[in-house]
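Novice: This is upload.cif, which holds mmCIF, C-alpha atoms:
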```cif
data_data
loop_
_atom_site.label_atom_id
_atom_site.label_comp_id
_atom_site.auth_asym_id
_atom_site.auth_seq_id
_atom_site.Cartn_x
_atom_site.Cartn_y
_atom_site.Cartn_z
CA MET A 1242 71.23 103.07 78.02
CA ILE A 1243 73.28 105.82 79.66
CA PHE A 1244 76.17 103.44 80.25
CA PHE A 1245 76.38 102.38 76.61
CA THR A 1246 76.08 105.98 75.44
CA ILE A 1247 79.11 106.88 77.55
CA LEU A 1248 81.15 104.10 76.04
CA PHE A 1249 80.10 104.94 72.52
CA SER A 1250 80.97 108.63 72.86
CA CYS A 1251 84.04 108.16 75.01
CA LYS A 1252 87.32 109.90 74.49
CA LYS A 1253 90.47 107.92 75.23
CA GLN A 1254 93.54 109.44 76.85
CA SER A 1255 96.73 107.84 78.14
CA LEU A 1256 98.60 108.27 81.40
CA ASN A 1257 102.05 107.11 82.43
CA LEU A 1258 102.75 106.49 86.12
CA GLU A 1259 106.23 105.81 87.46
CA THR A 1260 106.58 102.65 89.53
CA SER A 1261 107.70 104.92 92.39
CA PHE A 1262 104.08 106.07 92.63
CA PHE A 1263 103.44 102.79 94.46
CA LYS A 1264 106.44 103.00 96.78
CA ASP A 1265 104.16 103.22 99.81
CA LEU A 1266 102.21 100.02 99.15
CA VAL A 1267 101.73 98.14 102.39
CA THR A 1268 101.83 94.40 102.91
CA PRO A 1269 99.09 93.57 105.44
CA LYS A 1270 100.15 91.16 108.15
CA THR A 1271 98.40 87.84 108.73
CA TYR A 1272 97.51 85.71 111.74
CA VAL A 1273 95.76 82.35 112.10
CA VAL A 1274 93.28 82.34 115.00
CA TYR A 1275 92.93 78.88 116.51
CA LYS A 1276 89.91 77.54 118.34
CA THR A 1277 89.59 76.89 122.06
CA ASP A 1278 87.35 74.03 123.15
CA LYS A 1279 86.36 75.76 126.39
CA PRO A 1280 85.49 79.38 127.26
CA LEU A 1281 88.28 81.48 128.73
CA THR A 1282 88.12 83.32 132.05
CA ILE A 1283 88.36 87.02 131.23
CA ASP A 1284 90.56 88.45 133.96
CA GLY A 1285 93.38 90.18 132.08
CA ILE A 1286 95.73 87.24 132.69
CA ASP A 1287 96.77 84.64 130.10
CA ASP A 1288 97.27 81.80 132.58
CA GLU A 1289 95.20 79.15 130.78
CA ASP A 1290 97.25 76.46 129.05
CA ILE A 1291 95.79 77.28 125.64
CA TRP A 1292 96.84 80.92 125.99
CA LYS A 1293 100.35 79.76 126.91
CA ASN A 1294 100.45 77.68 123.72
CA THR A 1295 99.19 80.54 121.54
CA LYS A 1296 101.76 82.61 119.66
CA TYR A 1297 101.91 86.38 119.85
CA THR A 1298 101.82 88.59 116.80
CA SER A 1299 104.99 90.42 115.89
CA ASN A 1300 105.68 93.47 118.05
CA PHE A 1301 103.77 96.59 117.10
CA ILE A 1302 105.45 99.15 114.85
CA ASP A 1303 104.98 102.87 114.38
CA ILE A 1304 101.83 103.60 112.38
CA GLU A 1305 103.88 105.16 109.55
CA GLY A 1306 106.24 102.19 109.53
CA ILE A 1307 109.31 104.33 110.18
CA LYS A 1308 110.08 104.96 113.84
CA THR A 1309 110.61 102.29 116.51
CA PRO A 1310 108.09 102.44 119.38
CA LYS A 1311 109.41 103.29 122.83
CA GLN A 1312 107.49 100.41 124.41
CA VAL A 1313 106.76 96.86 123.27
CA THR A 1314 103.19 95.84 122.43
CA LYS A 1315 102.01 92.44 121.18
CA VAL A 1316 98.75 90.52 120.83
CA LYS A 1317 97.49 86.97 120.59
CA MET A 1318 94.06 85.64 119.63
CA LEU A 1319 91.76 82.64 120.01
CA TRP A 1320 88.10 82.00 119.22
CA ASP A 1321 85.13 79.81 119.92
CA ASP A 1322 81.58 79.83 118.56
CA GLU A 1323 80.63 82.82 120.74
CA TYR A 1324 83.68 85.04 121.04
CA LEU A 1325 86.87 86.30 119.50
CA TYR A 1326 89.37 86.35 122.37
CA ILE A 1327 92.15 88.92 122.38
CA TYR A 1328 95.00 89.22 124.82
CA ALA A 1329 97.25 92.26 124.50
CA LYS A 1330 100.40 92.95 126.51
CA LEU A 1331 101.50 96.58 126.68
CA PHE A 1332 104.84 97.23 128.37
CA GLU A 1333 104.75 100.60 130.10
CA GLU A 1334 106.82 102.31 132.78
CA HIS A 1335 104.09 104.77 133.74
CA ILE A 1336 100.55 103.38 133.72
CA TRP A 1337 97.91 106.06 134.08
CA ALA A 1338 94.33 106.85 133.06
CA ASP A 1339 91.57 109.21 134.15
CA ILE A 1340 88.61 108.66 131.78
CA THR A 1341 85.89 106.68 133.57
CA GLU A 1342 82.72 107.18 131.48
CA ARG A 1343 81.87 104.72 128.69
CA ASP A 1344 81.92 105.98 125.09
CA GLN A 1345 84.07 109.00 125.86
CA VAL A 1346 87.10 109.69 123.66
CA ILE A 1347 89.32 107.06 125.23
CA PHE A 1348 92.38 107.80 123.10
CA LEU A 1349 92.87 111.01 125.09
CA ASN A 1350 94.36 108.53 127.57
CA ASN A 1351 96.94 105.89 126.73
CA ASP A 1352 94.81 103.13 125.28
CA PHE A 1353 94.54 99.87 123.36
CA GLU A 1354 92.32 99.75 120.27
CA VAL A 1355 90.80 96.99 118.13
CA PHE A 1356 89.42 97.53 114.60
CA ILE A 1357 87.42 94.70 113.02
CA ASN A 1358 85.84 94.39 109.58
CA PRO A 1359 84.26 90.97 108.88
CA SER A 1360 84.30 91.64 105.13
CA ASN A 1361 87.20 92.41 102.82
CA ASP A 1362 86.08 95.95 102.00
CA VAL A 1363 85.86 99.42 103.60
CA TYR A 1364 82.29 99.24 104.90
CA ASN A 1365 80.70 98.42 108.27
CA TYR A 1366 83.45 97.97 110.79
CA GLY A 1367 83.66 98.19 114.55
CA GLU A 1368 86.17 99.90 116.80
CA ILE A 1369 86.82 99.14 120.47
CA GLU A 1370 89.05 101.28 122.69
CA ILE A 1371 89.98 100.63 126.31
CA ASN A 1372 92.21 102.37 128.86
CA ALA A 1373 93.92 101.08 131.99
CA LEU A 1374 90.78 101.83 134.03
CA GLU A 1375 88.83 99.38 131.85
CA THR A 1376 86.77 102.21 130.40
CA VAL A 1377 85.45 101.21 126.97
CA TRP A 1378 84.48 103.14 123.86
CA ASP A 1379 82.81 100.95 121.25
CA LEU A 1380 81.53 102.41 118.03
CA LEU A 1381 80.46 101.48 114.53
CA LEU A 1382 81.38 103.13 111.26
CA ASP A 1383 79.49 102.44 108.05
CA LYS A 1384 82.54 103.66 106.10
CA PRO A 1385 85.78 105.56 106.76
CA TYR A 1386 85.75 109.23 107.71
CA SER A 1387 87.45 110.10 104.40
CA LEU A 1388 84.40 108.70 102.56
CA GLY A 1389 81.94 110.60 104.74
CA GLY A 1390 81.55 108.00 107.46
CA LYS A 1391 80.16 109.08 110.82
CA PRO A 1392 80.69 107.17 114.08
CA LYS A 1393 77.68 105.57 115.71
CA ASN A 1394 78.39 105.69 119.43
CA GLU A 1395 75.03 104.15 120.26
CA TRP A 1396 76.37 100.83 118.90
CA ASN A 1397 77.27 98.97 122.09
CA LEU A 1398 78.70 95.49 122.40
CA GLU A 1399 76.50 94.49 125.31
CA GLU A 1400 78.12 91.06 125.63
CA LEU A 1401 81.68 92.38 125.47
CA LYS A 1402 83.90 91.18 128.29
CA ALA A 1403 87.06 93.16 128.97
CA LYS A 1404 89.48 93.14 131.87
CA VAL A 1405 92.81 94.84 132.56
CA PHE A 1406 95.66 93.46 134.65
CA ILE A 1407 98.41 95.81 135.85
CA GLU A 1408 101.92 94.76 136.76
CA GLY A 1409 102.63 97.94 138.65
CA THR A 1410 100.50 100.61 140.24
CA LEU A 1411 97.94 102.68 138.39
CA ASN A 1412 98.31 106.48 138.57
CA ASN A 1413 101.30 106.35 140.91
CA ALA A 1414 104.14 108.51 139.61
CA LYS A 1415 106.50 107.47 142.40
CA ASP A 1416 107.39 104.06 140.98
CA ILE A 1417 108.24 102.39 137.68
CA ASP A 1418 105.64 99.99 136.28
CA THR A 1419 106.19 96.97 134.05
CA PHE A 1420 103.15 96.35 131.85
CA TRP A 1421 99.40 96.36 131.61
CA SER A 1422 97.47 93.68 129.78
CA VAL A 1423 94.03 93.63 128.22
CA GLU A 1424 91.94 90.51 127.79
CA MET A 1425 88.76 90.73 125.72
CA ALA A 1426 85.97 88.39 124.71
CA ILE A 1427 84.36 90.10 121.72
CA PRO A 1428 80.89 88.75 120.78
CA LEU A 1429 81.18 87.37 117.26
CA LYS A 1430 77.47 87.64 116.49
CA SER A 1431 77.73 91.44 116.57
CA PHE A 1432 80.28 91.32 113.75
CA VAL A 1433 78.61 88.50 111.80
CA ALA A 1434 75.67 90.94 111.58
CA LEU A 1435 77.98 93.38 109.77
CA LYS A 1436 79.13 90.89 107.13
CA ASN A 1437 78.22 91.16 103.50
CA LEU A 1438 75.45 88.76 102.52
CA PRO A 1439 75.05 85.95 103.30
CA ARG A 1440 75.60 86.59 107.02
CA ALA A 1441 76.41 83.00 107.87
CA LYS A 1442 78.15 81.75 110.98
CA ILE A 1443 81.91 81.65 110.86
CA LYS A 1444 83.38 78.77 108.90
CA ASP A 1445 86.75 77.11 109.17
CA GLY A 1446 89.16 79.07 106.98
CA GLU A 1447 87.08 82.28 106.93
CA GLN A 1448 89.11 85.48 106.77
CA TRP A 1449 88.38 88.89 108.31
CA ARG A 1450 90.25 92.18 108.36
CA ILE A 1451 91.62 93.41 111.69
CA ASN A 1452 94.16 95.81 113.11
CA PHE A 1453 95.24 97.01 116.51
CA SER A 1454 96.46 100.38 117.67
CA ARG A 1455 98.10 101.60 120.84
CA VAL A 1456 97.96 105.32 121.58
CA ASN A 1457 100.61 106.66 123.95
CA TRP A 1458 101.13 110.22 125.17
CA ASP A 1459 104.11 112.05 126.58
CA PHE A 1460 103.12 113.26 130.02
CA ASP A 1461 103.73 115.92 132.64
CA LEU A 1462 103.19 115.62 136.36
CA ILE A 1463 100.93 118.32 137.77
CA ASN A 1464 100.62 118.10 141.54
CA ASN A 1465 101.94 114.55 141.22
CA THR A 1466 99.12 113.69 138.80
CA TYR A 1467 99.67 112.51 135.22
CA ALA A 1468 98.55 114.78 132.39
CA ARG A 1469 99.17 114.92 128.65
CA LYS A 1470 102.28 116.95 127.97
CA LYS A 1471 102.00 120.45 126.53
CA ARG A 1472 104.45 122.73 124.77
CA ASP A 1473 103.60 126.38 124.14
CA ASN A 1474 100.20 125.58 125.63
CA LYS A 1475 99.49 122.92 122.99
CA TYR A 1476 99.34 119.18 123.55
CA LEU A 1477 102.20 117.28 121.99
CA PRO A 1478 101.06 114.77 119.36
CA GLU A 1479 100.41 111.23 120.47
CA TYR A 1480 102.35 108.15 119.45
CA ASN A 1481 100.45 105.58 117.38
CA TRP A 1482 101.76 102.04 117.43
CA VAL A 1483 100.06 99.36 115.34
CA TRP A 1484 100.29 95.70 114.44
CA SER A 1485 99.92 95.95 110.66
CA ASN A 1486 101.51 98.93 108.92
CA GLN A 1487 99.11 101.71 107.92
CA GLY A 1488 101.77 103.77 106.14
CA GLU A 1489 100.29 107.03 107.44
CA ILE A 1490 98.72 108.40 110.60
CA ASN A 1491 95.23 107.12 109.91
CA MET A 1492 93.71 103.95 111.35
CA HIS A 1493 90.58 104.45 109.27
CA LEU A 1494 91.95 102.87 106.12
CA PRO A 1495 90.41 99.39 106.50
CA GLU A 1496 91.89 98.28 103.21
CA LYS A 1497 95.34 98.35 104.87
CA TRP A 1498 94.46 96.31 107.95
CA GLY A 1499 95.86 92.86 108.57
CA TYR A 1500 94.06 89.57 107.99
CA ILE A 1501 92.98 86.90 110.44
CA GLN A 1502 91.97 83.41 109.41
CA PHE A 1503 89.70 81.35 111.67
CA SER A 1504 90.87 77.78 112.09
CA LYS A 1505 89.11 74.97 113.94
CA ASN A 1506 92.53 73.57 114.78
CA THR A 1507 94.11 74.08 118.17
CA PRO A 1508 97.39 76.02 118.49
CA LYS A 1509 99.28 72.70 118.65
CA ASN A 1510 98.08 71.87 115.11
CA ALA A 1511 99.28 74.99 113.37
CA ILE A 1512 98.58 75.73 109.71
CA GLN A 1513 99.83 78.30 107.23
CA PHE A 1514 97.76 81.37 106.42
CA LYS A 1515 96.70 81.36 102.76
CA HIS A 1516 95.17 84.44 101.14
CA LYS A 1517 91.85 83.98 99.38
CA THR A 1518 92.19 87.11 97.25
CA ASP A 1519 94.87 88.89 95.20
CA VAL A 1520 96.21 91.14 97.95
CA LEU A 1521 98.78 92.98 95.85
CA THR A 1522 96.22 93.95 93.20
CA GLU A 1523 93.81 95.05 95.93
CA GLN A 1524 96.46 97.29 97.47
CA ILE A 1525 97.27 98.77 94.07
CA ILE A 1526 93.67 99.63 93.23
CA TYR A 1527 93.07 101.15 96.67
CA THR A 1528 96.25 103.24 96.34
CA LEU A 1529 94.99 104.60 93.02
CA PHE A 1530 91.52 105.11 94.50
CA ARG A 1531 92.86 107.23 97.39
CA SER A 1532 95.04 109.22 95.01
CA ILE A 1533 92.04 110.02 92.80
CA LEU A 1534 89.90 111.02 95.78
CA TYR A 1535 92.31 113.35 97.58
CA LYS A 1536 95.90 113.05 96.37
CA ASP A 1537 97.96 113.38 93.18
CA LEU A 1538 95.36 112.05 90.73
CA GLN A 1539 92.46 114.26 91.82
CA TYR A 1540 92.48 115.99 88.44
CA LEU A 1541 91.02 112.84 86.88
CA LYS A 1542 87.73 113.63 88.61
CA ASN A 1543 87.50 116.77 86.50
CA LYS A 1544 87.59 114.90 83.21
CA LYS A 1545 84.61 115.15 80.90
CA VAL A 1546 81.97 112.47 81.47
CA GLY A 1547 82.72 109.52 79.22
CA THR A 1548 86.47 110.12 79.12
CA ILE A 1549 88.54 106.96 79.44
CA THR A 1550 92.09 107.24 80.69
CA VAL A 1551 94.26 104.22 79.99
CA PHE A 1552 97.39 103.96 82.12
CA GLU A 1553 100.57 102.68 80.59
CA PRO A 1554 101.17 99.10 81.85
CA ILE A 1555 102.94 99.05 85.22
CA LYS A 1556 105.27 96.29 86.40
CA ILE A 1557 105.26 95.58 90.15
CA GLU A 1558 106.72 92.45 91.74
CA ASN A 1559 106.84 90.71 88.35
CA LYS A 1560 103.19 91.51 87.71
CA ILE A 1561 102.00 93.53 84.74
CA ILE A 1562 99.26 95.87 85.94
CA ASN A 1563 96.79 97.37 83.47
CA VAL A 1564 94.68 100.29 84.71
CA THR A 1565 91.68 102.01 83.11
CA PHE A 1566 89.84 105.03 84.52
CA LEU A 1567 86.33 105.95 83.30
CA LYS A 1568 84.75 109.26 84.25
CA THR A 1569 81.02 108.68 84.89
CA PHE A 1570 78.01 110.85 85.73
CA SER A 1571 78.18 109.76 89.38
CA GLY A 1572 81.95 109.88 89.72
CA PHE A 1573 84.24 107.26 88.25
CA ASN A 1574 84.99 103.61 87.69
CA LEU A 1575 88.52 102.31 88.03
CA LYS A 1576 89.58 98.92 86.67
CA VAL A 1577 92.84 97.13 87.48
CA THR A 1578 93.67 93.95 85.60
CA THR A 1579 96.51 91.46 85.99
CA GLU A 1580 97.10 88.06 84.45
CA ASN A 1581 95.11 86.39 87.24
CA SER A 1582 92.49 88.87 88.38
CA THR A 1583 90.39 91.92 87.56
CA TYR A 1584 89.14 94.38 90.16
CA THR A 1585 86.91 97.42 89.78
CA ILE A 1586 86.16 100.20 92.25
CA ASN A 1587 83.92 103.25 92.08
CA GLU A 1588 83.92 106.65 93.75
CA SER A 1589 82.19 105.31 96.88
CA GLY A 1590 84.90 102.73 97.49
CA PHE A 1591 82.80 99.75 96.39
CA LEU A 1592 85.32 97.09 95.34
CA LYS A 1593 84.35 94.21 93.07
CA LYS A 1594 86.44 91.24 92.02
CA ASP A 1595 85.42 90.25 88.49
CA GLN A 1596 87.48 87.08 88.31
#
```
Written as structure tokens, that's how I'd like the structure from this file.
Specialist:
Amino acid sequence: MIFFTILFSCKKQSLNLETSFFKDLVTPKTYVVYKTDKPLTIDGIDDEDIWKNTKYTSNFIDIEGIKTPKQVTKVKMLWDDEYLYIYAKLFEEHIWADITERDQVIFLNNDFEVFINPSNDVYNYGEIEINALETVWDLLLDKPYSLGGKPKNEWNLEELKAKVFIEGTLNNAKDIDTFWSVEMAIPLKSFVALKNLPRAKIKDGEQWRINFSRVNWDFDLINNTYARKKRDNKYLPEYNWVWSNQGEINMHLPEKWGYIQFSKNTPKNAIQFKHKTDVLTEQIIYTLFRSILYKDLQYLKNKKVGTITVFEPIKIENKIINVTFLKTFSGFNLKVTTENSTYTINESGFLKKDQ
């Protein structure tokens, strides 16, 4: 009854947004993960034939999509019924680490990070970080920090296998290193348990959201020991290099992560990735959602309950986008409609595809 009362007593307003408002839309990258018919030996080395036949992702970029990273980073993936296999190669002239206790803040060292969400939304995702000493931090977030999410460090991937190989010498400042590599076998059942219902086993063609980050620090040598570099007694900011562009210094925007598609084919029988949803419309509605929560459109949250704001139609990439904002008792509902799809999202970030 409340819902219909709102609609009956609503007040309509209009809003015109310039197309430039969406200039920072990202295009998430994609990768097809092919299946291996035998388990891989997790030793940090990609010497199995199937690894040699598996293509790398594109090289990592700066997290804001602007600067070029100082060092090359790239990843490749495989899977079987038990594990998602990840091999990452991180070129580095100075390989160092000093954090040895599990579930500490690993990114205070140079590290490699994996973010996995088995559903195409912003809820229930895992994060794995590892340094060159093979020290792991694995944690679960029920939602991003910006939506009030809190990390659950007690979430441990007990069946995780992770090994580091170093082409060089760890913590030796007297030489120049070449690279360090990370090989992981990530237990799939731990992430299937995070899926939206039904939590079925992975099917051929299933798509998940994933991204990777590499944190790198400028360093000083103190008594011939590596340490994060300071200036005016403050640590210099870290570098953040990622696979799929985040557009800002924030990995905890799951809606911007890349996509993987599980294929039962082998790498020799490659297929094309094909999106199962309207990615452009999703990126548009999330951009508006973030702007309403904490950016330029925050004022919409102060509208009187029942107020409907209709955006002037927006044309992006030959699509006509129609947007409607409804102020509700609990927050808001935002609807974005194109010729082929309709999406709605509320103040908690719950996204629904209506068609």
Novice: Mind running segment 1255-1318 of chain A against segment 1384-1406 of chain A at 9 Å and telling me each contacting residue's nearest atom pair with the distance in Å (one decimal), counting all atoms listed in the file, chain and number ascending, as CSV?
Specialist:
```
residue,atom,partner,partner_atom,distance
A:Ile1283,CA,A:Lys1404,CA,6.3
A:Asp1284,CA,A:Lys1404,CA,5.2
A:Gly1285,CA,A:Val1405,CA,4.7
A:Ile1286,CA,A:Phe1406,CA,6.5
```
Novice: List, as a ChimeraX atom specification, every residue that the PyMOL selection byres ((chain A and resi 1462) around 12) selects in the file provided.
Specialist: /A:1335,1337,1412-1415,1459-1461,1463-1471
Novice: Give as an MDAnalysis selection string the residues that the PyMOL selection byres ((chain A and resi 1315-1321) around 9) matches when applied to the coordinates above.
Specialist: chainID A and resid 1272:1280 1291:1292 1295:1301 1313:1314 1322:1331 1426 1429 1453 1484 1503:1505 1508
Novice: Have a look at A:Lys1442, A:Lys1430, A:Lys1536, A:Lys1593 and name the one nearest to Phe1262 of chain A; count all atoms listed in the file.
Specialist: A:Lys1536
Novice: Carefully work through the PyMOL selection byres ((chain A and resi 1514) around 10) for this structure and note down the residues it includes, as a PyMOL selection string.
Specialist: chain A and resi 1271-1274+1446+1448+1500-1504+1511-1513+1515-1517
Novice: Could you work out how far atom CA of Gln1254 of chain A lies from atom CA of Asn1543 of chain A, giving the answer in Å with one decimal?
Specialist: 13.5 Å
Novice: For a test of reading the model, state the distance in Å between atom CA of Tyr1366 of chain A and atom CA of Lys1311 of chain A, rounded to one decimal.
Specialist: 29.1 Å
Novice: What's the separation between atom CA of Gln1539 of chain A and atom CA of Phe1566 of chain A, in Å to one decimal place?
Specialist: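 Pair atom CA of Gln1539 of chain A / atom CA of Phe1566 of chain A returns 12.1 Å.
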Novice: Would you list the contacts of Ile1302 of chain A as a PyMOL selection string, taking every protein, DNA or RNA residue within 10 Å and counting only C-alpha atoms, but skipping same-chain residues closer than 4 positions in sequence?
Specialist: chain A and resi 1306-1315+1454-1455+1481-1487
Novice: Considering all atoms listed in the file, return as a ChimeraX atom specification whatever protein or nucleic-acid residues lie within 12 Å of segment 1556-1563 of chain A, sequence-local ones (same chain, fewer than 5 positions apart) excluded.
Specialist: /A:1255-1264,1266,1519,1521-1526,1550-1551,1575-1585
Novice: Of the residues A:Trp1498, A:Lys1253, A:Tyr1480, A:Lys1270, which is the one nearest to Phe1552 of chain A, using all atoms listed in the file?
Specialist: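 The answer is A:Lys1253, which sits nearest to Phe1552 of chain A.
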Novice: My list of candidates is A:Asn1452, A:Asp1362, A:Asp1303, A:Lys1545. Which is closest to Lys1594 of chain A when distances are computed with only C-alpha atoms?
Specialist: A:Asp1362
Novice: What box, with edges along x, y and z, holds each listed atom of segment 1363-1376 of chain A when 4 Å is added on every side, and can you state its centre and edge lengths in Å to one decimal, as AutoDock Vina command-line options?
Specialist:
```
--center_x 87.3 --center_y 100.2 --center_z 118.8 --size_x 21.2 --size_y 12.4 --size_z 38.4
```
Novice: Find the spatial neighbours of Ile1340 of chain A, counting all atoms listed in the file, within a cut-off of 8 Å - ignore same-chain residues fewer than 5 positions away - and output them as a list in words.
Specialist: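 With the cut-off at 8 Å, the set is Gln1345, Ile1347, Asn1350, Asn1372, Leu1374 and Thr1376 of chain A.
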Novice: Can you work out which one of A:Val1377, A:Asn1457, A:Ser1431, A:Val1363 has the shortest atom-to-atom distance to Phe1332 of chain A, counting only C-alpha atoms?
Specialist: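 Once distances to Phe1332 of chain A are computed over only C-alpha atoms, the minimum belongs to A:Asn1457.
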Novice: Pull out segment 1331-1376 of chain A, keep C-alpha atoms, and write it as an mmCIF file, in the first residue's frame.
Specialist:
```
data_model
loop_
_atom_site.group_PDB
_atom_site.id
_atom_site.type_symbol
_atom_site.label_atom_id
_atom_site.label_comp_id
_atom_site.auth_asym_id
_atom_site.auth_seq_id
_atom_site.Cartn_x
_atom_site.Cartn_y
_atom_site.Cartn_z
ATOM 1 C CA LEU A 1331 55.514 -9.945 -12.040
ATOM 2 C CA PHE A 1332 58.685 -8.462 -13.496
ATOM 3 C CA GLU A 1333 60.664 -6.745 -10.753
ATOM 4 C CA GLU A 1334 64.243 -5.553 -10.356
ATOM 5 C CA HIS A 1335 64.126 -5.555 -6.561
ATOM 6 C CA ILE A 1336 62.178 -8.409 -4.977
ATOM 7 C CA TRP A 1337 61.628 -7.940 -1.269
ATOM 8 C CA ALA A 1338 59.137 -8.772 1.484
ATOM 9 C CA ASP A 1339 59.109 -8.916 5.276
ATOM 10 C CA ILE A 1340 55.550 -9.851 6.350
ATOM 11 C CA THR A 1341 55.452 -13.483 7.475
ATOM 12 C CA GLU A 1342 52.198 -13.861 9.451
ATOM 13 C CA ARG A 1343 48.998 -14.928 7.670
ATOM 14 C CA ASP A 1344 46.129 -12.434 7.451
ATOM 15 C CA GLN A 1345 48.305 -9.411 8.122
ATOM 16 C CA VAL A 1346 47.992 -6.389 5.832
ATOM 17 C CA ILE A 1347 50.009 -7.862 2.987
ATOM 18 C CA PHE A 1348 49.774 -4.815 0.716
ATOM 19 C CA LEU A 1349 52.234 -3.036 3.021
ATOM 20 C CA ASN A 1350 54.696 -5.158 1.039
ATOM 21 C CA ASN A 1351 54.814 -5.426 -2.734
ATOM 22 C CA ASP A 1352 52.098 -7.955 -3.442
ATOM 23 C CA PHE A 1353 49.799 -9.687 -5.912
ATOM 24 C CA GLU A 1354 46.042 -9.612 -5.283
ATOM 25 C CA VAL A 1355 43.032 -11.523 -6.608
ATOM 26 C CA PHE A 1356 39.415 -10.334 -6.265
ATOM 27 C CA ILE A 1357 36.636 -12.794 -7.137
ATOM 28 C CA ASN A 1358 32.865 -12.363 -7.179
ATOM 29 C CA PRO A 1359 30.959 -15.413 -8.496
ATOM 30 C CA SER A 1360 27.855 -13.295 -9.128
ATOM 31 C CA ASN A 1361 27.392 -10.234 -11.314
ATOM 32 C CA ASP A 1362 26.704 -7.845 -8.441
ATOM 33 C CA VAL A 1363 28.521 -6.074 -5.579
ATOM 34 C CA TYR A 1364 27.881 -8.610 -2.816
ATOM 35 C CA ASN A 1365 29.879 -11.475 -1.293
ATOM 36 C CA TYR A 1366 33.309 -11.465 -2.820
ATOM 37 C CA GLY A 1367 36.681 -12.800 -1.787
ATOM 38 C CA GLU A 1368 40.102 -11.197 -1.806
ATOM 39 C CA ILE A 1369 43.454 -12.991 -1.749
ATOM 40 C CA GLU A 1370 46.777 -11.201 -1.309
ATOM 41 C CA ILE A 1371 50.250 -12.746 -1.377
ATOM 42 C CA ASN A 1372 53.788 -11.397 -1.109
ATOM 43 C CA ALA A 1373 57.108 -12.807 -2.284
ATOM 44 C CA LEU A 1374 57.467 -14.743 0.990
ATOM 45 C CA GLU A 1375 54.249 -16.641 0.154
ATOM 46 C CA THR A 1376 52.453 -14.983 3.056
#
```
